Amino acid sequence: MSVKYYPFSRTYNRGFYGRGSLGFGQFTAKRLNETVQEYRHQYGIGSTLMLGAGYSIPSKRTRLSFEAEFENSSRNGTVSGVGDGVVFRSGPLGLNTCFTY
């Protein structure tokens with residue numbers, strides 16, 4: 001689920017905006033250890049929260065937007081050879097340029 005809000009503009013896709021999203025998902029990876037011909041398995045399931053802010057500049061038919069965002073993800077999972085209860089966390093910071101037509 002995602003929300004984008006323009007607090008100072010009555011027109012969508014013009015001016016300063018805030019954006020947020022909340023998601024739910026999984027992570028699965030399988031790797032072959034060629035030395036012993038055995039697969040290592042990683043699995044995680046959890047949620048992601050993203051917050052961002054940006055500015056949209058309109059032209060006749062398009063919009064150019066610049067934004068920054070921060071994402072915080074946490075997934076609980078299992079890793080073969082390690083067991084259950086492994087926590088996968090990530091928190092990237094992103095800078096985006098978006099063209100809207």
# chains A, B, ... in the order shown; residues from 1 in each chain; ligands from 1
>>> residues_around(residues="A:His41", least_positions_apart="5", cutoff="7 Å", atoms="only C-alpha atoms", output="number ranges by chain")
A: 29-31, 79-80
>>> closest_residue(among="A:Leu32, A:Arg63, A:Gly54, A:Leu93", to="A:Tyr5", atoms="only C-alpha atoms")
A:Gly54
>>> closest_residue(among="A:Gly85, A:Gly25, A:Gly44, A:Gly91", to="A:Phe70", atoms="only C-alpha atoms")
A:Gly91
>>> atom_distance(atom1="atom CA of A:Gly46", atom2="atom CA of A:Glu67")
25.5 Å
>>> residues_around(residues="A:Ser73", least_positions_apart="2", cutoff="10 Å", atoms="only C-alpha atoms", output="list in words")
Leu22, Gly23, Phe24, Gly25, Gly46, Ser47, Thr48, Leu49, Met50, Glu71, Arg75, Phe88, Arg89, Ser90, Gly91 and Pro92 of chain A
>>> residues_around(residues="A:Arg61", least_positions_apart="6", cutoff="12 Å", atoms="only C-alpha atoms", output="list in words")
Asn13, Phe99, Thr100 and Tyr101 of chain A
>>> write_last_selection(atoms="C-alpha atoms", output="CSV table (one decimal), in the first residue's frame")
chain,number,residue,atom,x,y,z
A,13,ASN,CA,1.9,16.0,-9.5
A,99,PHE,CA,9.5,11.3,-15.4
A,100,THR,CA,5.7,11.2,-15.6
A,101,TYR,CA,3.8,11.4,-18.9
>>> select_by_dssp(residues="chain A", states="strand (DSSP E or B)", output="number ranges by chain")
A: 2-5, 15-33, 38-58, 63-79, 83-90, 93-100
>>> closest_residue(among="A:Gly94, A:Gly81, A:Gly52, A:Pro58", to="A:Tyr39", atoms="only C-alpha atoms")
A:Gly81
>>> closest_residue(among="A:Tyr55, A:Ile45, A:Gly83, A:Phe27", to="A:Pro7", atoms="only C-alpha atoms")
A:Tyr55
